[in-house]
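The structure under discussion appears below in the form of structure tokens.
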Amino acid sequence: MKAHRILFLSKYPPQAASSRLRTYQFLPFWRKEVAEVEIAPLLNERYLRDLYAGKPVHLLNVLRCYIKRFFLLLFHVRRFDLIWVEKEFFPYFPPVAEWFISRSKGFVVDFDDAIFHNYDLSPSLFLRKILPKKIDAVMHYADLVFAGNPYLIDRAKKADAKRTCFLPTVIDPSRYRQKEYTPSSPVVCIGWIGSPSTQKYLKDLLPVFENLHQRFAIRILLVNGREAFPFSGKIDSIPWTEEGEVDAILCMDIGIMPLPDNPWERGKCAYKLIQYMACGLPVVASPVGFNTTVVRHGVNGYLADTSEDWQKYLTDLILHPERRQAMGKEGFCLVQESYTLEKNIERIRQGLDGILSKKSYSNSLSPPHSPL
């Protein structure tokens with residue numbers, strides 16, 4: 001691939017989990033394999049700071065970001081052989097930029113969320129009427145659609161995408177280590193990590209936590225939560241940092257991922273479950289979307305559909321530390337087998353290999369068996 005130049009158009013800078021995990025963490029591999037690689041995020045750090053702080057978005061700042069990307073489209077894209085777009089070029093605009101790129105460049109799009117529901121299920125009548133199939137058009141224009149779970153792949157196929165490739169959200173195993181199980185602490189820590197916008201999914205579990213608190217010595221640990229959580233027992237909420245996220249997870253005994261069974265949530269990629277398992281934790285999760293693939297019920301964790309299920313399975317793990325350890329080991333093995341950077345590099349190579357004969361840049365791609 002040394003002769004090639006790739007432009008990655010991420011949605012956010014690396015402080016945002018989706019862009020960091022789908023694009024930025026692969027940079028060391030790309031820099032070894034291509035002549036030139038560049039990342040140009042659409043939105044900037046100021047936008048993220050406001051978003052995570054729950055502040056109103058500064059429209060003038062967003063406008064500047066859009067103008068910057070517009071000029072990139074006009075004057076910078078032409079320098080590259082392959083354009084790799086995270087989600088979409090201009091959110092809430094017709095897919096003219098994607099059509100333009102597809103006419104002359106290798107064009108790949110990557111999805112880790114069901115963003116098509118921002119349009120076809122939007123509360124805005126205007127968006128539902130004017131752009132309901134916008135993301136379907138983006139998927140159709142692309143030479144290759146990378147998607148983080150089967151729900152997204154199914155949508156791409158319905159959109160008549162030329163080619164689809166499963167690309168889950170994965171961890172860098174060099175950053176993770178298994179929890180060391182020592183004589184059990186009298187207090188069991190139930191933990192959650194996520195973006196502030198997803199803390200709302202914990203609200204329905206509050207009665208479950210309160211009941212468990214009356215019966216057992218438990219602690220709730222929230223990593224990267226923003227809102228206060230009205231639990232009457234012991235609760236800690238700590239900020240997320242990239243350097244400290246693994247240590248924070250290792251403080252947990254059980255990792256949880258509650259989700260409602262709604263269209264948007266079916267498009268999620270179960271990343272927090274993969275993180276918990278990478279640290280050797282058992283998990284309890286809602287049986288929604290990709291969660292049902294990652295969680296092997298009764299083996300590496302439990303799938304809990306109702307409040308009674310959550311109560312039952314958390315109680316089981318609280319009472320049986322040896323089961324927590326056994327399930328944690330099973331989860332760790334699953335992650336090492338299927339959800340690492342190295343596995344995704346193989347998937348990327350296979351996906352790009354499928355479009356080699358269709359684009360001029362194909363002749364200089366290194367053989368499929370060579371490491372990326």
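Quick note on naming: the chains in the structure tokens go A, B, ... in the order shown, residues restart at 1 in each chain, and ligands are numbered from 1 in order of appearance.
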
Worksheet item: Which residues, written as a list in words, have at least one atom at most 10 Å from segment 119-127 of chain A, with only C-alpha atoms counted and residues fewer than 4 positions away on the same chain left out?
Response: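 Once the nearby chain positions are removed, what remains is Pro91, Tyr92, Phe93, Ile115, Leu131, Pro132, Lys133, Lys134, Ile135, Pro263 and Trp264 of chain A.
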
Could the residues in this selection be saved with N, CA and C atoms as a compact mmCIF listing (two decimals), in the first residue's frame?
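And here's result-v8.txt as it stands now:
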# COMPACT_ATOMS: atom_id res chain seq x y z
N PRO A 91 -23.57 16.15 8.08
CA PRO A 91 -24.83 15.78 8.72
C PRO A 91 -25.94 16.79 8.41
N TYR A 92 -27.11 16.26 8.12
CA TYR A 92 -28.33 17.02 7.88
C TYR A 92 -28.32 17.79 6.56
N PHE A 93 -27.41 17.41 5.65
CA PHE A 93 -27.41 17.93 4.30
C PHE A 93 -27.58 16.76 3.33
N ILE A 115 -27.25 5.86 12.44
CA ILE A 115 -27.53 7.28 12.22
C ILE A 115 -28.60 7.50 11.17
N LEU A 131 -35.23 13.95 3.86
CA LEU A 131 -34.00 13.15 3.85
C LEU A 131 -34.16 11.77 4.49
N PRO A 132 -35.28 11.10 4.36
CA PRO A 132 -35.44 9.81 5.05
C PRO A 132 -34.48 8.74 4.56
N LYS A 133 -34.02 8.84 3.32
CA LYS A 133 -33.14 7.83 2.73
C LYS A 133 -31.73 8.37 2.50
N LYS A 134 -31.38 9.43 3.21
CA LYS A 134 -30.06 10.02 2.98
C LYS A 134 -28.92 9.03 3.21
N ILE A 135 -28.93 8.33 4.35
CA ILE A 135 -27.84 7.41 4.66
C ILE A 135 -27.87 6.20 3.73
N PRO A 263 -35.05 1.28 18.11
CA PRO A 263 -34.27 1.22 16.87
C PRO A 263 -32.85 1.78 17.01
N TRP A 264 -32.69 2.92 17.66
CA TRP A 264 -31.36 3.51 17.79
C TRP A 264 -30.42 2.58 18.57

Fill in: Residue contacts of segment 311-315 of chain A (8 Å, only C-alpha atoms) excluding same-chain residues fewer than 2 positions away, as a ChimeraX atom specification
/A:208,212,284,302,304,307-309,317-319

Selected residues written out, N, CA and C atoms, as an mmCIF file, in the first residue's frame:
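Writing done, so here's selection.cif:
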data_model
loop_
_atom_site.group_PDB
_atom_site.id
_atom_site.type_symbol
_atom_site.label_atom_id
_atom_site.label_comp_id
_atom_site.auth_asym_id
_atom_site.auth_seq_id
_atom_site.Cartn_x
_atom_site.Cartn_y
_atom_site.Cartn_z
ATOM 1 N N VAL A 208 -33.702 -1.701 41.157
ATOM 2 C CA VAL A 208 -32.913 -2.929 41.311
ATOM 3 C C VAL A 208 -31.734 -2.682 42.234
ATOM 4 N N LEU A 212 -30.956 -4.392 45.916
ATOM 5 C CA LEU A 212 -29.689 -5.084 46.193
ATOM 6 C C LEU A 212 -28.970 -4.446 47.375
ATOM 7 N N VAL A 284 -23.578 -8.151 32.836
ATOM 8 C CA VAL A 284 -25.021 -8.297 32.732
ATOM 9 C C VAL A 284 -25.481 -7.207 31.776
ATOM 10 N N TYR A 302 -24.668 -12.549 31.654
ATOM 11 C CA TYR A 302 -26.105 -12.803 31.575
ATOM 12 C C TYR A 302 -26.793 -11.731 30.737
ATOM 13 N N ALA A 304 -30.272 -9.806 30.563
ATOM 14 C CA ALA A 304 -31.388 -9.520 31.475
ATOM 15 C C ALA A 304 -32.427 -8.668 30.762
ATOM 16 N N SER A 307 -36.719 -6.289 34.925
ATOM 17 C CA SER A 307 -36.161 -5.916 36.230
ATOM 18 C C SER A 307 -35.920 -7.153 37.081
ATOM 19 N N GLU A 308 -36.816 -8.118 36.963
ATOM 20 C CA GLU A 308 -36.643 -9.369 37.711
ATOM 21 C C GLU A 308 -35.377 -10.096 37.262
ATOM 22 N N ASP A 309 -35.129 -10.075 35.953
ATOM 23 C CA ASP A 309 -33.902 -10.690 35.438
ATOM 24 C C ASP A 309 -32.673 -9.994 35.990
ATOM 25 N N LEU A 317 -24.341 -13.165 40.724
ATOM 26 C CA LEU A 317 -22.921 -12.811 40.631
ATOM 27 C C LEU A 317 -22.400 -12.228 41.937
ATOM 28 N N ILE A 318 -23.248 -11.514 42.672
ATOM 29 C CA ILE A 318 -22.828 -10.990 43.972
ATOM 30 C C ILE A 318 -22.535 -12.131 44.938
ATOM 31 N N LEU A 319 -23.356 -13.157 44.914
ATOM 32 C CA LEU A 319 -23.221 -14.269 45.868
ATOM 33 C C LEU A 319 -22.122 -15.257 45.507
#

Close residues, Arg46 of chain A itself excluded, 12 Å, only C-alpha atoms, min 3 positions apart in chain, as a compact mmCIF listing (two decimals) with N, CA and C atoms, in the first residue's frame:
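In the end it all went to part07.txt:
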# COMPACT_ATOMS: atom_id res chain seq x y z
N TYR A 12 -15.40 13.42 14.67
CA TYR A 12 -14.92 14.14 15.84
C TYR A 12 -13.41 14.02 15.97
N PRO A 13 -12.80 14.85 16.83
CA PRO A 13 -11.41 14.63 17.23
C PRO A 13 -11.32 13.41 18.15
N GLN A 15 -10.97 12.85 21.20
CA GLN A 15 -11.60 12.85 22.52
C GLN A 15 -12.96 12.15 22.50
N ALA A 16 -13.58 12.04 21.34
CA ALA A 16 -14.86 11.35 21.22
C ALA A 16 -14.62 9.86 20.98
N LEU A 42 -14.62 16.55 11.31
CA LEU A 42 -15.59 17.58 10.98
C LEU A 42 -15.76 18.56 12.12
N LEU A 43 -16.10 18.06 13.29
CA LEU A 43 -16.36 18.91 14.45
C LEU A 43 -15.12 19.00 15.33
N ARG A 49 -16.58 19.77 23.97
CA ARG A 49 -16.64 20.28 25.35
C ARG A 49 -18.05 20.74 25.69
N ASP A 50 -18.68 21.45 24.77
CA ASP A 50 -20.05 21.91 25.01
C ASP A 50 -21.01 20.73 25.08
N LEU A 51 -20.82 19.77 24.18
CA LEU A 51 -21.71 18.61 24.15
C LEU A 51 -21.64 17.82 25.45
N TYR A 52 -20.43 17.51 25.90
CA TYR A 52 -20.27 16.71 27.10
C TYR A 52 -20.65 17.45 28.38
N ALA A 53 -20.59 18.78 28.32
CA ALA A 53 -20.98 19.58 29.48
C ALA A 53 -22.47 19.87 29.49
N LYS A 55 -24.04 21.82 27.43
CA LYS A 55 -24.27 23.21 27.06
C LYS A 55 -24.86 23.29 25.66
N PRO A 56 -25.53 24.38 25.34
CA PRO A 56 -26.04 24.58 23.97
C PRO A 56 -24.89 24.62 22.97
N VAL A 57 -25.12 24.07 21.81
CA VAL A 57 -24.10 24.07 20.76
C VAL A 57 -23.97 25.48 20.18
N HIS A 58 -22.75 25.94 19.99
CA HIS A 58 -22.50 27.24 19.38
C HIS A 58 -22.63 27.10 17.86
N LEU A 59 -23.69 27.65 17.33
CA LEU A 59 -23.97 27.47 15.90
C LEU A 59 -22.89 28.08 15.02
N LEU A 60 -22.31 29.18 15.45
CA LEU A 60 -21.25 29.80 14.66
C LEU A 60 -20.03 28.89 14.59
N ASN A 61 -19.73 28.21 15.68
CA ASN A 61 -18.61 27.26 15.69
C ASN A 61 -18.89 26.10 14.74
N VAL A 62 -20.13 25.57 14.77
CA VAL A 62 -20.49 24.48 13.86
C VAL A 62 -20.41 24.95 12.42
N ARG A 64 -18.45 27.20 11.17
CA ARG A 64 -17.03 27.25 10.79
C ARG A 64 -16.52 25.85 10.44
N CYS A 65 -16.94 24.86 11.22
CA CYS A 65 -16.52 23.48 10.96
C CYS A 65 -17.02 23.01 9.60

Discussion item. Could you go through segment 21-260 of chain A and tell me which residues DSSP, when run on the backbone, assigns to strand (DSSP E or B), listing them as a ChimeraX atom specification?
Written reply: /A:36-39,82-86,106-111,144-147,164-166,171,188-193,218-223,234-238,254-257

Practice prompt. Pick out each residue of segment 142-355 of chain A that DSSP on the backbone tags as alpha helix (DSSP H); I need them as an MDAnalysis selection string.
Written response: chainID A and resid 150:158 206:215 245:250 263:266 271:278 291:294 307:319 321:338 341:353

Practice prompt. Name all residues at most 7 Å from Ile254 of chain A (count only C-alpha atoms; drop same-chain ones fewer than 6 positions away) and give them as a ChimeraX atom specification.
Written response: /A:189-191,281-283

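For Asn291 of chain A, the list of residues within 9 Å, based on only C-alpha atoms and with local chain neighbours fewer than 4 positions off taken out, reads Met257, Arg266, Lys268, Cys269, Ala270, Leu273, Ala285, Ser286, Pro287, Val295 and Leu303 of chain A.
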
Can I get the selected residues back with C-alpha atoms, as a PDB file, in the first residue's frame?
ATOM      1  CA  MET A 257     -24.919  -2.408  29.939  1.00  0.00           C
ATOM      2  CA  ARG A 266     -30.208  -1.834  18.183  1.00  0.00           C
ATOM      3  CA  LYS A 268     -25.003   0.054  19.109  1.00  0.00           C
ATOM      4  CA  CYS A 269     -21.825  -2.012  19.042  1.00  0.00           C
ATOM      5  CA  ALA A 270     -21.550  -3.260  22.665  1.00  0.00           C
ATOM      6  CA  LEU A 273     -19.162  -5.019  27.194  1.00  0.00           C
ATOM      7  CA  ALA A 285     -26.632  -6.644  29.719  1.00  0.00           C
ATOM      8  CA  SER A 286     -29.963  -6.060  28.026  1.00  0.00           C
ATOM      9  CA  PRO A 287     -30.657  -8.481  25.148  1.00  0.00           C
ATOM     10  CA  VAL A 295     -22.846 -11.992  25.701  1.00  0.00           C
ATOM     11  CA  LEU A 303     -28.734 -11.219  29.354  1.00  0.00           C
TER      12      LEU A 303
END

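For the pair atom CA of Leu205 of chain A and atom CA of Ser232 of chain A, the interatomic distance is 13.0 Å.
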
Discussion item. Neighbouring residues of Ser185 of chain A were defined as those with any atom within 10 Å, considering only C-alpha atoms; residues of the same chain fewer than 4 positions away were excluded. Please report them as a list in words.
Written reply: Tyr181, Cys189, Ala217, Asp253 and Pro321 of chain A

Item to complete: Report the distance between atom CA of Ala326 of chain A and atom CA of Gly148 of chain A in Å, rounded to one decimal place.
Response: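 It comes out at 27.6 Å.
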
Response to the item:
Counting only C-alpha atoms, the residue among A:Leu9, A:Val187, A:Leu202, A:Ile249 that lies closest to Glu227 of chain A is A:Leu202

Fill in: For Thr169 of chain A: contacts at 9 Å, only C-alpha atoms, fewer than 2 positions along chain excluded, given as a PyMOL selection string
chain A and resi 18+21-22+112+148-149+167+171+269-271+274+339-341+344

Fill in: Residue with smallest distance to Ala161 of chain A - pool A:Val77, A:Leu206, A:Val108, A:Val96, counting only C-alpha atoms
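That would be A:Val108, the residue with the smallest distance to Ala161 of chain A.
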